[in-house]
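> Handing over work.txt, compact mmCIF, N, CA and C atoms.
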# COMPACT_ATOMS: atom_id res chain seq x y z
N MET J 150 98.11 72.77 116.76
CA MET J 150 98.44 72.69 118.16
C MET J 150 98.33 74.09 118.78
N ILE J 151 97.69 74.17 119.90
CA ILE J 151 97.47 75.45 120.58
C ILE J 151 98.57 75.65 121.62
N GLY J 152 99.12 76.87 121.65
CA GLY J 152 100.15 77.20 122.62
C GLY J 152 99.55 77.43 124.00
N PHE J 153 100.42 77.38 124.99
CA PHE J 153 99.97 77.55 126.37
C PHE J 153 99.41 78.95 126.62
N GLY J 154 100.05 79.98 126.06
CA GLY J 154 99.58 81.36 126.22
C GLY J 154 98.21 81.57 125.60
N THR J 155 98.01 80.97 124.42
CA THR J 155 96.71 81.07 123.74
C THR J 155 95.63 80.38 124.56
N LEU J 156 95.98 79.24 125.13
CA LEU J 156 95.03 78.51 125.97
C LEU J 156 94.64 79.33 127.20
N LEU J 157 95.63 80.00 127.82
CA LEU J 157 95.33 80.83 129.00
C LEU J 157 94.45 82.02 128.63
N ARG J 158 94.70 82.66 127.48
CA ARG J 158 93.87 83.79 127.05
C ARG J 158 92.43 83.35 126.80
N MET J 159 92.27 82.17 126.18
CA MET J 159 90.92 81.66 125.94
C MET J 159 90.22 81.36 127.26
N LEU J 160 90.95 80.79 128.19
CA LEU J 160 90.40 80.47 129.51
C LEU J 160 90.00 81.75 130.25
N LYS J 161 90.84 82.80 130.12
CA LYS J 161 90.54 84.08 130.76
C LYS J 161 89.27 84.69 130.18
N ARG J 162 89.11 84.62 128.86
CA ARG J 162 87.91 85.16 128.23
C ARG J 162 86.67 84.40 128.64
N LEU J 163 86.79 83.09 128.75
CA LEU J 163 85.62 82.27 129.10
C LEU J 163 85.23 82.40 130.57
N LEU J 164 86.24 82.38 131.44
CA LEU J 164 85.95 82.34 132.88
C LEU J 164 86.14 83.68 133.58
N GLY J 165 86.63 84.69 132.87
CA GLY J 165 86.91 85.98 133.51
C GLY J 165 85.69 86.63 134.13
N LYS J 166 84.65 86.83 133.36
CA LYS J 166 83.45 87.51 133.87
C LYS J 166 82.71 86.70 134.94
N PRO J 167 82.51 85.37 134.75
CA PRO J 167 81.81 84.62 135.80
C PRO J 167 82.57 84.59 137.13
N LEU J 168 83.91 84.56 137.09
CA LEU J 168 84.70 84.50 138.32
C LEU J 168 85.05 85.88 138.88
N GLU J 169 84.67 86.93 138.17
CA GLU J 169 85.05 88.28 138.57
C GLU J 169 84.55 88.65 139.96
N ASN J 170 83.33 88.28 140.29
CA ASN J 170 82.74 88.67 141.57
C ASN J 170 83.27 87.88 142.75
N THR J 171 84.01 86.80 142.50
CA THR J 171 84.51 85.98 143.59
C THR J 171 85.77 86.54 144.21
N GLY J 172 86.53 87.33 143.47
CA GLY J 172 87.80 87.85 143.97
C GLY J 172 88.92 86.82 143.87
N ALA J 173 88.66 85.71 143.15
CA ALA J 173 89.64 84.63 143.03
C ALA J 173 90.64 84.87 141.90
N LEU J 174 90.40 85.84 141.08
CA LEU J 174 91.30 86.10 139.95
C LEU J 174 92.51 86.92 140.42
N PRO J 175 93.59 86.87 139.66
CA PRO J 175 94.77 87.66 140.05
C PRO J 175 94.50 89.16 140.00
N THR J 176 95.25 89.91 140.77
CA THR J 176 95.07 91.35 140.85
C THR J 176 95.23 92.00 139.48
N ARG J 177 96.13 91.50 138.66
CA ARG J 177 96.36 92.09 137.34
C ARG J 177 95.10 92.08 136.49
N TYR J 178 94.29 91.03 136.62
CA TYR J 178 93.05 90.97 135.85
C TYR J 178 92.14 92.14 136.25
N TYR J 179 91.95 92.32 137.56
CA TYR J 179 91.08 93.39 138.04
C TYR J 179 91.63 94.76 137.66
N LEU J 180 92.94 94.93 137.80
CA LEU J 180 93.54 96.23 137.49
C LEU J 180 93.41 96.54 136.00
N HIS J 181 93.53 95.52 135.17
CA HIS J 181 93.34 95.71 133.73
C HIS J 181 91.90 96.15 133.44
N GLU J 182 90.94 95.52 134.09
CA GLU J 182 89.53 95.88 133.92
C GLU J 182 89.26 97.29 134.47
N VAL J 183 89.91 97.65 135.58
CA VAL J 183 89.76 98.99 136.14
C VAL J 183 90.26 100.03 135.14
N LEU J 184 91.40 99.78 134.53
CA LEU J 184 91.94 100.73 133.56
C LEU J 184 91.07 100.82 132.32
N LYS J 185 90.45 99.69 131.93
CA LYS J 185 89.51 99.73 130.80
C LYS J 185 88.32 100.62 131.13
N SER J 186 87.79 100.49 132.34
CA SER J 186 86.63 101.29 132.71
C SER J 186 87.02 102.77 132.88
N LEU J 187 88.25 103.04 133.28
CA LEU J 187 88.72 104.42 133.36
C LEU J 187 88.81 105.05 131.98
N ASP J 188 89.21 104.27 130.98
CA ASP J 188 89.26 104.79 129.61
C ASP J 188 87.89 105.24 129.14
N GLN J 189 86.85 104.59 129.65
CA GLN J 189 85.48 104.95 129.27
C GLN J 189 84.85 105.94 130.25
N ASP J 190 85.66 106.49 131.17
CA ASP J 190 85.21 107.41 132.22
C ASP J 190 84.09 106.82 133.07
N ASN J 191 84.15 105.53 133.31
CA ASN J 191 83.18 104.85 134.16
C ASN J 191 83.80 104.67 135.54
N ILE J 192 83.76 105.75 136.34
CA ILE J 192 84.43 105.76 137.64
C ILE J 192 83.76 104.78 138.61
N GLY J 193 82.44 104.67 138.55
CA GLY J 193 81.72 103.76 139.45
C GLY J 193 82.16 102.32 139.26
N GLU J 194 82.27 101.88 138.02
CA GLU J 194 82.72 100.52 137.72
C GLU J 194 84.17 100.33 138.16
N ALA J 195 85.00 101.35 137.98
CA ALA J 195 86.41 101.25 138.37
C ALA J 195 86.53 101.09 139.89
N VAL J 196 85.75 101.84 140.65
CA VAL J 196 85.78 101.73 142.11
C VAL J 196 85.30 100.35 142.54
N LYS J 197 84.23 99.86 141.90
CA LYS J 197 83.70 98.53 142.24
C LYS J 197 84.74 97.44 141.98
N LEU J 198 85.39 97.50 140.83
CA LEU J 198 86.41 96.50 140.50
C LEU J 198 87.62 96.61 141.41
N LEU J 199 88.00 97.81 141.78
CA LEU J 199 89.14 97.97 142.69
C LEU J 199 88.81 97.41 144.06
N ARG J 200 87.57 97.60 144.50
CA ARG J 200 87.13 97.02 145.77
C ARG J 200 87.19 95.49 145.72
N MET J 201 86.79 94.92 144.57
CA MET J 201 86.82 93.46 144.42
C MET J 201 88.25 92.94 144.37
N SER J 202 89.17 93.72 143.84
CA SER J 202 90.55 93.26 143.73
C SER J 202 91.25 93.27 145.08
N LYS J 203 90.63 93.85 146.07
CA LYS J 203 91.23 93.93 147.40
C LYS J 203 91.52 92.55 147.97
N GLY J 204 90.64 91.59 147.69
CA GLY J 204 90.84 90.24 148.21
C GLY J 204 91.63 89.34 147.29
N ALA J 205 92.02 89.84 146.13
CA ALA J 205 92.75 89.01 145.16
C ALA J 205 94.21 88.87 145.57
N LEU J 206 94.93 88.13 144.78
CA LEU J 206 96.35 87.93 145.06
C LEU J 206 97.06 89.28 145.12
N ILE J 207 97.97 89.42 146.06
CA ILE J 207 98.53 90.74 146.36
C ILE J 207 99.59 91.17 145.34
N ASP J 208 99.41 92.36 144.84
CA ASP J 208 100.37 93.06 143.99
C ASP J 208 100.22 94.53 144.38
N LYS J 209 100.71 94.85 145.58
CA LYS J 209 100.38 96.11 146.23
C LYS J 209 100.78 97.36 145.45
N SER J 210 101.96 97.37 144.86
CA SER J 210 102.42 98.60 144.19
C SER J 210 101.54 98.94 142.99
N ARG J 211 101.18 97.94 142.18
CA ARG J 211 100.30 98.19 141.03
C ARG J 211 98.92 98.61 141.51
N TRP J 212 98.43 97.95 142.55
CA TRP J 212 97.11 98.25 143.08
C TRP J 212 97.05 99.69 143.56
N GLU J 213 98.08 100.11 144.29
CA GLU J 213 98.13 101.48 144.82
C GLU J 213 98.23 102.50 143.68
N MET J 214 99.00 102.17 142.63
CA MET J 214 99.14 103.07 141.50
C MET J 214 97.79 103.28 140.79
N VAL J 215 97.05 102.20 140.60
CA VAL J 215 95.74 102.30 139.94
C VAL J 215 94.76 103.08 140.82
N ARG J 216 94.83 102.85 142.13
CA ARG J 216 93.97 103.60 143.06
C ARG J 216 94.25 105.09 142.96
N GLN J 217 95.53 105.45 142.90
CA GLN J 217 95.89 106.86 142.78
C GLN J 217 95.45 107.44 141.43
N GLN J 218 95.49 106.64 140.37
CA GLN J 218 95.03 107.10 139.07
C GLN J 218 93.53 107.40 139.10
N ILE J 219 92.76 106.56 139.77
CA ILE J 219 91.31 106.79 139.86
C ILE J 219 91.04 108.05 140.67
N ILE J 220 91.77 108.23 141.77
CA ILE J 220 91.59 109.44 142.59
C ILE J 220 91.92 110.68 141.76
N PHE J 221 93.01 110.61 141.00
CA PHE J 221 93.38 111.75 140.15
C PHE J 221 92.30 112.04 139.12
N ARG J 222 91.76 110.99 138.48
CA ARG J 222 90.70 111.18 137.49
C ARG J 222 89.46 111.79 138.14
N CYS J 223 89.14 111.36 139.35
CA CYS J 223 88.00 111.95 140.07
C CYS J 223 88.22 113.44 140.30
N ARG J 224 89.42 113.80 140.69
CA ARG J 224 89.71 115.21 140.94
C ARG J 224 89.64 116.04 139.67
N VAL J 225 90.15 115.50 138.57
CA VAL J 225 90.10 116.22 137.30
C VAL J 225 88.64 116.42 136.87
N LEU J 226 87.85 115.36 136.95
CA LEU J 226 86.44 115.46 136.56
C LEU J 226 85.67 116.39 137.48
N ARG J 227 85.98 116.35 138.79
CA ARG J 227 85.31 117.27 139.72
C ARG J 227 85.63 118.72 139.38
N ASP J 228 86.88 118.99 138.99
CA ASP J 228 87.26 120.34 138.61
C ASP J 228 86.51 120.79 137.36
N ARG J 229 86.35 119.88 136.39
CA ARG J 229 85.58 120.22 135.19
C ARG J 229 84.13 120.54 135.54
N HIS J 230 83.55 119.72 136.41
CA HIS J 230 82.17 119.97 136.82
C HIS J 230 82.06 121.29 137.60
N ARG J 231 83.06 121.59 138.42
CA ARG J 231 83.05 122.85 139.17
C ARG J 231 83.05 124.05 138.22
N LYS J 232 83.86 123.96 137.16
CA LYS J 232 83.91 125.05 136.18
C LYS J 232 82.57 125.18 135.45
N ARG J 233 81.95 124.06 135.11
CA ARG J 233 80.65 124.10 134.45
C ARG J 233 79.58 124.68 135.37
N ILE J 234 79.66 124.32 136.65
CA ILE J 234 78.70 124.83 137.62
C ILE J 234 78.83 126.35 137.74
N CYS J 235 80.05 126.85 137.82
CA CYS J 235 80.28 128.31 137.89
C CYS J 235 79.72 128.99 136.65
N PHE J 236 79.98 128.41 135.48
CA PHE J 236 79.48 128.98 134.23
C PHE J 236 77.96 129.01 134.22
N LEU J 237 77.33 127.89 134.61
CA LEU J 237 75.86 127.83 134.60
C LEU J 237 75.24 128.79 135.61
N GLU J 238 75.85 128.89 136.79
CA GLU J 238 75.33 129.82 137.79
C GLU J 238 75.43 131.26 137.29
N LYS J 239 76.51 131.57 136.60
CA LYS J 239 76.67 132.92 136.04
C LYS J 239 75.62 133.17 134.96
N LYS J 240 75.37 132.16 134.09
CA LYS J 240 74.36 132.31 133.04
C LYS J 240 72.97 132.48 133.63
N ILE J 241 72.65 131.72 134.67
CA ILE J 241 71.32 131.83 135.30
C ILE J 241 71.16 133.20 135.93
N LYS J 242 72.20 133.66 136.63
CA LYS J 242 72.14 134.98 137.27
C LYS J 242 71.98 136.07 136.21
N GLU J 243 72.74 135.95 135.12
CA GLU J 243 72.66 136.92 134.04
C GLU J 243 71.28 136.88 133.37
N HIS J 244 70.76 135.70 133.19
CA HIS J 244 69.46 135.54 132.54
C HIS J 244 68.35 136.16 133.40
N LYS J 245 68.43 135.95 134.71
CA LYS J 245 67.41 136.52 135.59
C LYS J 245 67.54 138.05 135.67
N LYS J 246 68.77 138.54 135.60
CA LYS J 246 68.99 139.98 135.69
C LYS J 246 68.51 140.69 134.43
N HIS J 247 68.81 140.12 133.26
CA HIS J 247 68.50 140.79 132.00
C HIS J 247 67.30 140.18 131.27
N GLY J 248 66.56 139.36 131.93
CA GLY J 248 65.47 138.66 131.27
C GLY J 248 64.33 139.53 130.81
N LYS J 249 64.13 140.70 131.44
CA LYS J 249 62.98 141.54 131.09
C LYS J 249 63.34 142.74 130.23
N LEU J 250 64.58 142.83 129.79
CA LEU J 250 64.98 143.95 128.94
C LEU J 250 64.45 143.73 127.53
N PRO J 251 64.10 144.82 126.83
CA PRO J 251 63.51 144.70 125.49
C PRO J 251 64.40 143.96 124.49
N TRP J 252 65.71 144.13 124.56
CA TRP J 252 66.57 143.46 123.59
C TRP J 252 66.59 141.96 123.81
N ARG J 253 66.12 141.48 124.96
CA ARG J 253 66.02 140.06 125.22
C ARG J 253 64.69 139.48 124.74
N TRP J 254 63.74 140.33 124.39
CA TRP J 254 62.41 139.84 123.98
C TRP J 254 62.46 139.05 122.69
N PHE J 255 63.45 139.33 121.87
CA PHE J 255 63.52 138.68 120.56
C PHE J 255 64.11 137.27 120.63
N GLN J 256 64.64 136.89 121.78
CA GLN J 256 65.17 135.53 121.92
C GLN J 256 64.02 134.54 122.05
N LYS J 257 64.25 133.35 121.57
CA LYS J 257 63.21 132.33 121.62
C LYS J 257 63.16 131.69 123.00
N ARG J 258 62.00 131.58 123.56
CA ARG J 258 61.69 130.84 124.77
C ARG J 258 62.70 131.04 125.91
N PRO J 259 62.78 132.24 126.48
CA PRO J 259 63.73 132.46 127.57
C PRO J 259 63.42 131.64 128.82
N VAL J 260 62.13 131.35 129.03
CA VAL J 260 61.75 130.55 130.20
C VAL J 260 62.27 129.12 130.06
N GLU J 261 62.16 128.57 128.86
CA GLU J 261 62.66 127.22 128.63
C GLU J 261 64.18 127.16 128.74
N LYS J 262 64.84 128.22 128.29
CA LYS J 262 66.30 128.28 128.37
C LYS J 262 66.74 128.30 129.83
N LEU J 263 66.04 129.09 130.64
CA LEU J 263 66.35 129.16 132.07
C LEU J 263 66.12 127.82 132.73
N ALA J 264 65.03 127.15 132.38
CA ALA J 264 64.74 125.82 132.95
C ALA J 264 65.82 124.82 132.54
N GLN J 265 66.29 124.92 131.32
CA GLN J 265 67.34 124.01 130.86
C GLN J 265 68.64 124.27 131.63
N TYR J 266 68.97 125.52 131.85
CA TYR J 266 70.16 125.86 132.64
C TYR J 266 70.05 125.29 134.05
N GLU J 267 68.88 125.45 134.67
CA GLU J 267 68.70 124.96 136.04
C GLU J 267 68.76 123.44 136.11
N LYS J 268 68.19 122.78 135.12
CA LYS J 268 68.23 121.31 135.09
C LYS J 268 69.67 120.83 134.91
N THR J 269 70.40 121.47 134.01
CA THR J 269 71.79 121.10 133.78
C THR J 269 72.64 121.37 135.02
N LEU J 270 72.36 122.47 135.70
CA LEU J 270 73.07 122.80 136.94
C LEU J 270 72.84 121.73 138.00
N ALA J 271 71.61 121.26 138.13
CA ALA J 271 71.31 120.22 139.11
C ALA J 271 72.05 118.92 138.78
N LEU J 272 72.11 118.57 137.49
CA LEU J 272 72.83 117.36 137.08
C LEU J 272 74.33 117.49 137.32
N GLU J 273 74.88 118.66 137.06
CA GLU J 273 76.31 118.88 137.29
C GLU J 273 76.65 118.76 138.78
N LYS J 274 75.79 119.33 139.63
CA LYS J 274 76.03 119.23 141.08
C LYS J 274 75.91 117.78 141.54
N GLN J 275 74.96 117.05 140.98
CA GLN J 275 74.80 115.64 141.33
C GLN J 275 76.05 114.84 140.91
N ALA J 276 76.57 115.11 139.72
CA ALA J 276 77.77 114.41 139.25
C ALA J 276 78.97 114.76 140.12
N GLN J 277 79.08 116.01 140.51
CA GLN J 277 80.19 116.41 141.36
C GLN J 277 80.11 115.73 142.72
N ASP J 278 78.92 115.64 143.29
CA ASP J 278 78.75 114.96 144.58
C ASP J 278 79.09 113.47 144.47
N LEU J 279 78.71 112.85 143.37
CA LEU J 279 79.00 111.44 143.16
C LEU J 279 80.51 111.21 143.05
N LEU J 280 81.20 112.07 142.31
CA LEU J 280 82.65 111.94 142.20
C LEU J 280 83.33 112.17 143.54
N GLU J 281 82.80 113.08 144.33
CA GLU J 281 83.35 113.33 145.67
C GLU J 281 83.17 112.10 146.55
N LYS J 282 82.02 111.44 146.43
CA LYS J 282 81.75 110.21 147.19
C LYS J 282 82.73 109.11 146.79
N TYR J 283 82.94 108.95 145.47
CA TYR J 283 83.89 107.93 145.00
C TYR J 283 85.30 108.21 145.49
N GLU J 284 85.70 109.47 145.47
CA GLU J 284 87.04 109.82 145.93
C GLU J 284 87.20 109.50 147.42
N GLY J 285 86.16 109.79 148.20
CA GLY J 285 86.20 109.45 149.63
C GLY J 285 86.30 107.95 149.85
N GLU J 286 85.55 107.16 149.07
CA GLU J 286 85.62 105.71 149.18
C GLU J 286 87.02 105.21 148.85
N LEU J 287 87.60 105.76 147.80
CA LEU J 287 88.94 105.32 147.39
C LEU J 287 90.00 105.66 148.44
N LYS J 288 89.84 106.79 149.10
CA LYS J 288 90.80 107.16 150.14
C LYS J 288 90.69 106.23 151.34
N ASN J 289 89.46 105.70 151.57
CA ASN J 289 89.26 104.83 152.73
C ASN J 289 89.58 103.36 152.46
N ILE J 290 89.73 102.99 151.19
CA ILE J 290 90.11 101.60 150.87
C ILE J 290 91.58 101.43 151.19
N VAL J 291 91.86 100.53 152.08
CA VAL J 291 93.25 100.27 152.46
C VAL J 291 93.53 98.80 152.20
N ARG J 292 94.61 98.56 151.54
CA ARG J 292 95.03 97.19 151.19
C ARG J 292 95.67 96.54 152.40
N GLU J 293 95.25 95.34 152.71
CA GLU J 293 95.85 94.61 153.83
C GLU J 293 97.24 94.16 153.48
Reformat the file's structure so that it appears as structure tokens.


Amino acid sequence: MIGFGTLLRMLKRLLGKPLENTGALPTRYYLHEVLKSLDQDNIGEAVKLLRMSKGALIDKSRWEMVRQQIIFRCRVLRDRHRKRICFLEKKIKEHKKHGKLPWRWFQKRPVEKLAQYEKTLALEKQAQDLLEKYEGELKNIVRE
């Protein structure tokens, strides 16, 4: 004999993903999925799920707490990217300044190293801009 709780968990597993886009599921389901995506540092998925939970059954305090957690995670990640950007800009500046000195001639492929720094810098700036966009979206989401 199957218990009622077991039956509900099976039903949630079977119908959770297909019904996710409808907004018909309880807020707790969406918030649980948001926290799962935050554990994987998938901020885009977390914002999408939080937006979908807006029309779900109201549980305002939990919803607001999760929204604040995502905003905090965005800020922490943006700060990490800012530090990496400063480091890379310093390395690029240093590399361009000291690139023609004789003691630098023995390093392997300085041009490729500089290109790698610049490519990484562009990706870091892109990630920082994306996190800034997500943070702005989260600030503008208001629960009815």

> For each of J:Lys246, J:Lys239, J:Arg177, J:Lys288, take the minimum atom-to-atom distance to Trp212 in chain J, counting only C-alpha atoms, then give the residue where this is smallest.

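Comparing J:Lys246, J:Lys239, J:Arg177, J:Lys288 against Trp212 in chain J, the winner is J:Arg177.
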
> Do you have the CA of Arg216 in chain J-CA of Leu270 in chain J distance handy?

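Between CA of Arg216 in chain J and CA of Leu270 in chain J the gap works out to 29.0 Å.
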
> Rounded to one decimal in Å, what is the spacing between CA of Lys185 in chain J and atom N of Thr269 in chain J?

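Interatomic distance here is 29.1 Å.
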
> Distance atom C of Met201 in chain J-atom N of Asp228 in chain J, one decimal place?

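These two atoms are separated by 26.6 Å.
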
> Which residue, J:Leu180, J:Val215, J:Ser202, J:Lys240, has the smallest gap to Tyr266 in chain J when you use all atoms listed in the file?

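Looking only at the distances to Tyr266 in chain J, the closest residue turns out to be J:Lys240.
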
> For each of J:Ala276, J:Glu243, J:Leu237, J:Ile290, take the minimum atom-to-atom distance to Glu213 in chain J, counting only C-alpha atoms, then give the residue where this is smallest.

J:Ile290

> Which protein, DNA or RNA residues have an atom at most 10 Å from (83.2, 120.8, 141.1), counting only C-alpha atoms? List them as a list in words.

Arg224, Val225, Leu226, Arg227, Asp228, Arg229, His230, Arg231, Lys232, Arg233, Ile234, Cys235, Glu273, Lys274, Gln275, Ala276, Gln277, Asp278, Leu280 and Glu281 of chain J
